[in-house]
Amino acid sequence: MVGLSEGEKHFIRGGIAQDLRTDGRRRLQFRAISVETGVIPQANGSARVRLGATEVIATVKAELGKPSILHPDKGKVSIFVDCSPTAAPMFEGRGSEEFSAELCVALQRCLLGGKSGAGAAIDLSSLIVVDGKVCWDLYIDGLVVSSDGNLLDALAAAIKVALSDTGIPKVNVSLSATTDQEPEVNVSDEEFLQFDTSSVPVIVTLTKVGKHYIVDATSEEESQMSSAVSVSVNRHGQIRGLTKRGGAGLDPSVIFDMISVAKHVSRQFISVLDSETLAAEAAE
Amino acid sequence: MSAAATAGTYSPASAAGEKRRERKEELRRHLAEDADWPRADGRSFHDCRPAFMQTGPTTAASGSAYAEFGKTKVIVSVFGPRESKKAMLYSDTGRLNCNVSYTTFATPIRGQGTDNKEYSAMLHKALEGAVMLHTFPKTTVDVFALVLESGGSDLPIIISCASLALADAGIMMYDLVTSVSVSCFGKNIIIDPTSDEEAWQDGSLMVAYMPARKEITQLTLTGEWSDGKITNAVELCMDACSKLCDILRERLKDASSLAE
């Protein structure tokens, strides 16, 4: 919870109405973003993303598993988010459960696509090693280290960078003569396959305060919101997911307007994120 | 109860007359292109299942509602407003507490309904914009939904049924909330999908809508959607929501005339 006086609330709302926010940004301007890759050597891929005072870490771990019976030609991806109580006292105990579940569902909705696999950011059939027998299970974990609003966008950005940092070990399979025997799998620790992350979307959350909406809201600004719409957009400007938060209802035309604004903003956000990622990979 | 027992349909139709005809033409073309599947239950793409709704199945609750859309059967009870738990902090607005649970036999594989943990939060978000929370300060209204049988489009039906139950309980609301979802298959959009259809969809979109206020309280979207299709699908859902809302109103009128 953010404790604000009436005066401060008025100041925040007034600033947004005049297109000059309390930290000097305009309504559709992101905070400075900084990216670091390979921060967790134990994981196959990891990234730390800082967006102002918001800081998140995303890791990708790949484990060999068995494909489900329903989809023998597909690997599995699971996404979890953990809000550490070190970030904010409200994340202590069970307080964070509901919130992390909300973030988790929103990320799943944006990254995993439809049930048939259409529109998924990660091509599940590329995770298969032996049809129906062995596949890669991808575990994507997000950790909130420090929270100052706009966690969803930061987490999605961190996951995007972590996936581009991920190397999946090359697997050599020696098929035994009888087909029902378990195939022998040899995991290489030298050769890695890079992921195709060109279709991984970013999430842009538009927070509506008063009549206007802003991107990358701080937690003070979030406390003044009436509702927020998170749109996930990929590099080609295609919408891959959408979630609405906040209680107040929205006029349909406002939602369509927000979608087009989000598409526009995402283009800049993706290019900034790309250049930061490149710089981070060069520094590593 | 005879009047309440008639099932009404709420398919979106003539309102978007021209567009609808265009879409039908388009649909026919698509079907000619990849003509392989009429919907399993004989509906056309923009036909909803008959909606059967009734108020007052449980007597202990302040208000309750039962909904049956095809195979999907949902029961919602509303309790309160009653005093908030002692552990809760003082609040000058009321609290809305939503919980969605599945019976163990709701799904083909026993106990699969627990996959839908987020539904409670989603139900809360869809309803909180409609309920006048300031009319019951310091107290809590509990909305408990139980899915007896899951047959597709569960969440939209839970939301619609819950708003009927809230109205039955006499909780002050700005408007009834109704919800409809659509699935996308390649170029086609089909409304009110069954669970089989949901299992193979390319994308899905759900709208919760307050027809009289013309406000969307909840909108979720997954999978692959192009811009034009989103607009189409949202309009389709809103149209169906308005019609479903008329059905809800009928049921409330029936219930009040029976009470007299």
# chains A, B, ... in the order shown; residues from 1 in each chain; ligands from 1

call {"tool": "closest_atom_pairs", "arguments": {"of": "chain A", "to": "chain B", "cutoff": "9 Å", "atoms": "only C-alpha atoms", "output": "tab-separated table"}}
result
residue	atom	partner	partner_atom	distance
A:Glu98	CA	B:Ala121	CA	7.9
A:Ala101	CA	B:Glu118	CA	7.0
A:Glu102	CA	B:Glu118	CA	7.1
A:Val105	CA	B:Glu118	CA	7.2
A:Gln108	CA	B:Thr222	CA	8.9
A:Arg109	CA	B:Thr222	CA	5.4
A:Cys110	CA	B:Thr222	CA	6.3
A:Leu111	CA	B:Gly223	CA	8.5
A:Leu112	CA	B:Gly223	CA	7.4
A:Gly113	CA	B:Gly223	CA	3.8
A:Gly114	CA	B:Gly223	CA	4.2
A:Lys115	CA	B:Gln201	CA	5.5
A:Ser116	CA	B:Trp200	CA	4.8
A:Gly117	CA	B:Asp202	CA	6.6
A:Ala118	CA	B:Asp202	CA	5.0
A:Gly119	CA	B:Glu224	CA	4.3
A:Ala120	CA	B:Gly223	CA	6.6
A:Val229	CA	B:Leu219	CA	8.8
A:Gln238	CA	B:Ser226	CA	6.5
A:Ile239	CA	B:Trp225	CA	6.2
A:Arg240	CA	B:Gly223	CA	5.5
A:Gly241	CA	B:Thr222	CA	4.5
A:Leu242	CA	B:Leu221	CA	4.8
A:Thr243	CA	B:Thr220	CA	4.7
A:Lys244	CA	B:Leu219	CA	5.7
A:Arg245	CA	B:Lys125	CA	7.1
A:Gly246	CA	B:Lys125	CA	6.9
A:Gly247	CA	B:Gly129	CA	4.5
A:Ala248	CA	B:Gly129	CA	4.7
A:Gly249	CA	B:Thr217	CA	4.2
A:Leu250	CA	B:Glu215	CA	5.0
A:Asp251	CA	B:Glu215	CA	4.7
A:Pro252	CA	B:Ile216	CA	6.3
A:Ile255	CA	B:Ile216	CA	8.6
A:Phe256	CA	B:Thr231	CA	7.5

call {"tool": "write_last_selection", "arguments": {"atoms": "N, CA and C atoms", "output": "short mmCIF file (atom, residue, chain, number, x, y, z; two decimals), in the first residue's frame"}}
result
data_model
loop_
_atom_site.label_atom_id
_atom_site.label_comp_id
_atom_site.auth_asym_id
_atom_site.auth_seq_id
_atom_site.Cartn_x
_atom_site.Cartn_y
_atom_site.Cartn_z
N GLU A 98 -1.83 -14.24 -4.23
CA GLU A 98 -2.83 -13.82 -5.19
C GLU A 98 -2.20 -12.95 -6.27
N ALA A 101 0.00 -14.95 -8.56
CA ALA A 101 -0.84 -15.75 -9.45
C ALA A 101 -1.38 -14.89 -10.59
N GLU A 102 -1.72 -13.65 -10.27
CA GLU A 102 -2.25 -12.74 -11.28
C GLU A 102 -1.20 -12.45 -12.36
N VAL A 105 -0.59 -15.65 -14.47
CA VAL A 105 -1.63 -15.92 -15.46
C VAL A 105 -1.49 -14.95 -16.63
N GLN A 108 1.43 -16.05 -18.75
CA GLN A 108 1.10 -17.27 -19.50
C GLN A 108 0.22 -16.94 -20.69
N ARG A 109 -0.77 -16.07 -20.44
CA ARG A 109 -1.70 -15.70 -21.49
C ARG A 109 -0.95 -15.06 -22.66
N CYS A 110 0.06 -14.27 -22.34
CA CYS A 110 0.77 -13.55 -23.40
C CYS A 110 1.80 -14.42 -24.11
N LEU A 111 2.42 -15.35 -23.39
CA LEU A 111 3.54 -16.09 -23.97
C LEU A 111 3.14 -17.43 -24.56
N LEU A 112 2.12 -18.07 -24.02
CA LEU A 112 1.85 -19.44 -24.43
C LEU A 112 0.83 -19.57 -25.56
N GLY A 113 0.13 -18.48 -25.88
CA GLY A 113 -0.78 -18.52 -27.02
C GLY A 113 -2.00 -19.37 -26.78
N GLY A 114 -2.70 -19.69 -27.87
CA GLY A 114 -3.93 -20.48 -27.78
C GLY A 114 -3.63 -21.93 -27.47
N LYS A 115 -4.68 -22.67 -27.17
CA LYS A 115 -4.53 -24.08 -26.80
C LYS A 115 -3.91 -24.90 -27.94
N SER A 116 -4.19 -24.48 -29.18
CA SER A 116 -3.66 -25.24 -30.31
C SER A 116 -2.20 -24.90 -30.56
N GLY A 117 -1.69 -23.90 -29.84
CA GLY A 117 -0.30 -23.50 -30.00
C GLY A 117 -0.12 -22.34 -30.95
N ALA A 118 -1.22 -21.86 -31.54
CA ALA A 118 -1.10 -20.73 -32.44
C ALA A 118 -0.79 -19.47 -31.64
N GLY A 119 0.10 -18.65 -32.16
CA GLY A 119 0.40 -17.38 -31.50
C GLY A 119 1.30 -17.52 -30.30
N ALA A 120 1.87 -18.71 -30.07
CA ALA A 120 2.75 -18.88 -28.92
C ALA A 120 4.10 -18.22 -29.22
N VAL A 229 -4.83 -1.60 -18.70
CA VAL A 229 -4.92 -2.62 -19.74
C VAL A 229 -3.50 -3.01 -20.14
N GLN A 238 1.91 -7.47 -33.87
CA GLN A 238 0.73 -8.31 -33.70
C GLN A 238 0.39 -8.44 -32.21
N ILE A 239 -0.90 -8.37 -31.90
CA ILE A 239 -1.35 -8.50 -30.52
C ILE A 239 -1.34 -9.98 -30.14
N ARG A 240 -0.72 -10.30 -29.00
CA ARG A 240 -0.64 -11.69 -28.60
C ARG A 240 -1.37 -11.98 -27.29
N GLY A 241 -1.85 -10.95 -26.66
CA GLY A 241 -2.56 -11.18 -25.41
C GLY A 241 -3.01 -9.86 -24.83
N LEU A 242 -4.01 -9.94 -23.98
CA LEU A 242 -4.53 -8.71 -23.40
C LEU A 242 -5.18 -9.04 -22.06
N THR A 243 -4.91 -8.24 -21.07
CA THR A 243 -5.52 -8.42 -19.76
C THR A 243 -5.94 -7.07 -19.24
N LYS A 244 -7.07 -7.04 -18.58
CA LYS A 244 -7.51 -5.79 -17.98
C LYS A 244 -7.43 -5.95 -16.47
N ARG A 245 -6.94 -4.91 -15.81
CA ARG A 245 -6.91 -4.93 -14.35
C ARG A 245 -7.68 -3.73 -13.83
N GLY A 246 -7.92 -3.70 -12.56
CA GLY A 246 -8.63 -2.56 -11.98
C GLY A 246 -10.12 -2.70 -12.16
N GLY A 247 -10.86 -2.17 -11.22
CA GLY A 247 -12.30 -2.43 -11.17
C GLY A 247 -13.13 -1.67 -12.18
N ALA A 248 -12.78 -0.43 -12.44
CA ALA A 248 -13.68 0.41 -13.22
C ALA A 248 -13.86 -0.10 -14.64
N GLY A 249 -15.06 0.03 -15.14
CA GLY A 249 -15.35 -0.39 -16.50
C GLY A 249 -14.79 0.61 -17.50
N LEU A 250 -14.61 0.16 -18.72
CA LEU A 250 -14.05 1.02 -19.76
C LEU A 250 -14.98 1.00 -20.97
N ASP A 251 -15.08 2.13 -21.61
CA ASP A 251 -15.83 2.20 -22.84
C ASP A 251 -15.09 1.41 -23.93
N PRO A 252 -15.82 0.64 -24.75
CA PRO A 252 -15.13 -0.15 -25.78
C PRO A 252 -14.21 0.68 -26.67
N ILE A 255 -10.88 1.19 -25.12
CA ILE A 255 -10.03 0.00 -25.17
C ILE A 255 -9.34 -0.11 -26.54
N PHE A 256 -10.12 0.11 -27.61
CA PHE A 256 -9.51 0.01 -28.94
C PHE A 256 -8.43 1.07 -29.12
#

call {"tool": "select_by_dssp", "arguments": {"residues": "segment 132-228 of chain B", "states": "alpha helix (DSSP H)", "output": "list in words"}}
result
Asp154, Leu155, Pro156, Ile157, Ile158, Ile159, Ser160, Cys161, Ala162, Ser163, Leu164, Ala165, Leu166, Ala167, Asp168, Ser195, Asp196, Glu197, Glu198, Ala199, Asp227 and Gly228 of chain B

call {"tool": "write_last_selection", "arguments": {"atoms": "N, CA and C atoms", "output": "tab-separated table (two decimals), in the first residue's frame"}}
result
chain	number	residue	atom	x	y	z
B	154	ASP	N	-16.73	-21.74	-19.29
B	154	ASP	CA	-17.10	-21.78	-17.87
B	154	ASP	C	-17.11	-20.39	-17.24
B	155	LEU	N	-15.99	-19.67	-17.42
B	155	LEU	CA	-15.86	-18.39	-16.72
B	155	LEU	C	-16.94	-17.38	-17.13
B	156	PRO	N	-17.21	-17.19	-18.43
B	156	PRO	CA	-18.27	-16.25	-18.80
B	156	PRO	C	-19.61	-16.63	-18.15
B	157	ILE	N	-19.90	-17.92	-18.11
B	157	ILE	CA	-21.18	-18.35	-17.54
B	157	ILE	C	-21.19	-18.11	-16.04
B	158	ILE	N	-20.05	-18.33	-15.37
B	158	ILE	CA	-19.96	-18.05	-13.93
B	158	ILE	C	-20.23	-16.57	-13.67
B	159	ILE	N	-19.62	-15.71	-14.50
B	159	ILE	CA	-19.78	-14.26	-14.30
B	159	ILE	C	-21.24	-13.85	-14.46
B	160	SER	N	-21.87	-14.31	-15.54
B	160	SER	CA	-23.27	-13.95	-15.79
B	160	SER	C	-24.15	-14.46	-14.66
B	161	CYS	N	-23.90	-15.70	-14.26
B	161	CYS	CA	-24.72	-16.32	-13.22
B	161	CYS	C	-24.51	-15.59	-11.88
B	162	ALA	N	-23.28	-15.18	-11.60
B	162	ALA	CA	-22.99	-14.48	-10.35
B	162	ALA	C	-23.70	-13.13	-10.32
B	163	SER	N	-23.77	-12.44	-11.45
B	163	SER	CA	-24.44	-11.14	-11.41
B	163	SER	C	-25.94	-11.32	-11.23
B	164	LEU	N	-26.49	-12.41	-11.75
B	164	LEU	CA	-27.91	-12.71	-11.50
B	164	LEU	C	-28.13	-13.00	-10.02
B	165	ALA	N	-27.21	-13.74	-9.42
B	165	ALA	CA	-27.33	-14.07	-8.00
B	165	ALA	C	-27.20	-12.82	-7.13
B	166	LEU	N	-26.29	-11.92	-7.51
B	166	LEU	CA	-26.13	-10.67	-6.76
B	166	LEU	C	-27.42	-9.84	-6.83
B	167	ALA	N	-28.00	-9.79	-8.03
B	167	ALA	CA	-29.25	-9.04	-8.17
B	167	ALA	C	-30.35	-9.71	-7.35
B	168	ASP	N	-30.37	-11.02	-7.33
B	168	ASP	CA	-31.37	-11.77	-6.57
B	168	ASP	C	-31.22	-11.50	-5.07
B	195	SER	N	-16.15	-27.20	-24.51
B	195	SER	CA	-14.78	-27.51	-24.03
B	195	SER	C	-13.95	-28.19	-25.11
B	196	ASP	N	-14.60	-28.97	-25.98
B	196	ASP	CA	-13.84	-29.59	-27.07
B	196	ASP	C	-13.28	-28.52	-27.99
B	197	GLU	N	-14.11	-27.54	-28.27
B	197	GLU	CA	-13.65	-26.46	-29.16
B	197	GLU	C	-12.55	-25.65	-28.49
B	198	GLU	N	-12.71	-25.43	-27.17
B	198	GLU	CA	-11.70	-24.67	-26.44
B	198	GLU	C	-10.34	-25.38	-26.46
B	199	ALA	N	-10.38	-26.70	-26.46
B	199	ALA	CA	-9.13	-27.46	-26.39
B	199	ALA	C	-8.30	-27.32	-27.66
B	227	ASP	N	-5.74	-7.31	-35.86
B	227	ASP	CA	-6.45	-6.14	-35.36
B	227	ASP	C	-7.93	-6.13	-35.69
B	228	GLY	N	-8.23	-6.35	-36.96
B	228	GLY	CA	-9.62	-6.30	-37.40
B	228	GLY	C	-10.46	-7.33	-36.69

call {"tool": "residues_around", "arguments": {"residues": "Gly15 of chain A", "least_positions_apart": "2", "cutoff": "12 Å", "atoms": "only C-alpha atoms", "output": "ChimeraX atom specification"}}
result
/A:8-13,17-27,209-210,212-214,221

call {"tool": "residues_around", "arguments": {"residues": "Thr58 of chain B", "least_positions_apart": "2", "cutoff": "12 Å", "atoms": "only C-alpha atoms", "output": "count of residues only"}}
result
19

call {"tool": "residues_around", "arguments": {"residues": "Val141 of chain B", "least_positions_apart": "3", "cutoff": "6 Å", "atoms": "only C-alpha atoms", "output": "list in words"}}
result
Phe79, Gly80, Pro81 and Leu96 of chain B

call {"tool": "write_last_selection", "arguments": {"atoms": "C-alpha atoms", "output": "mmCIF file, in the first residue's frame"}}
result
data_model
loop_
_atom_site.group_PDB
_atom_site.id
_atom_site.type_symbol
_atom_site.label_atom_id
_atom_site.label_comp_id
_atom_site.auth_asym_id
_atom_site.auth_seq_id
_atom_site.Cartn_x
_atom_site.Cartn_y
_atom_site.Cartn_z
ATOM 1 C CA PHE B 79 -24.170 -14.357 1.198
ATOM 2 C CA GLY B 80 -24.268 -11.058 2.992
ATOM 3 C CA PRO B 81 -23.628 -8.253 3.341
ATOM 4 C CA LEU B 96 -16.544 -8.383 -2.431
#

call {"tool": "residues_around", "arguments": {"residues": "segment 59-65 of chain A", "least_positions_apart": "2", "cutoff": "6 Å", "atoms": "only C-alpha atoms", "output": "list in words"}}
result
Ala43, Asn44, Gly45, Ser46, Val134, Cys135, Trp136, Asp137, Leu138, Tyr139, Ile140 and Asp141 of chain A

call {"tool": "atom_distance", "arguments": {"atom1": "atom CA of Thr277 of chain A", "atom2": "atom CA of Phe99 of chain A"}}
result
28.0 Å

call {"tool": "atom_distance", "arguments": {"atom1": "atom CA of Met173 of chain B", "atom2": "atom CA of Thr135 of chain B"}}
result
9.5 Å

call {"tool": "closest_residue", "arguments": {"among": "B:Lys138, B:Lys85, B:Lys187, B:Arg39", "to": "Asn232 of chain B", "atoms": "only C-alpha atoms"}}
result
B:Lys187

call {"tool": "residues_around", "arguments": {"residues": "Leu248 of chain B", "least_positions_apart": "3", "cutoff": "8 Å", "atoms": "only C-alpha atoms", "output": "JSON, numbers by chain"}}
result
{"B": [53, 164, 244, 245, 251, 252]}
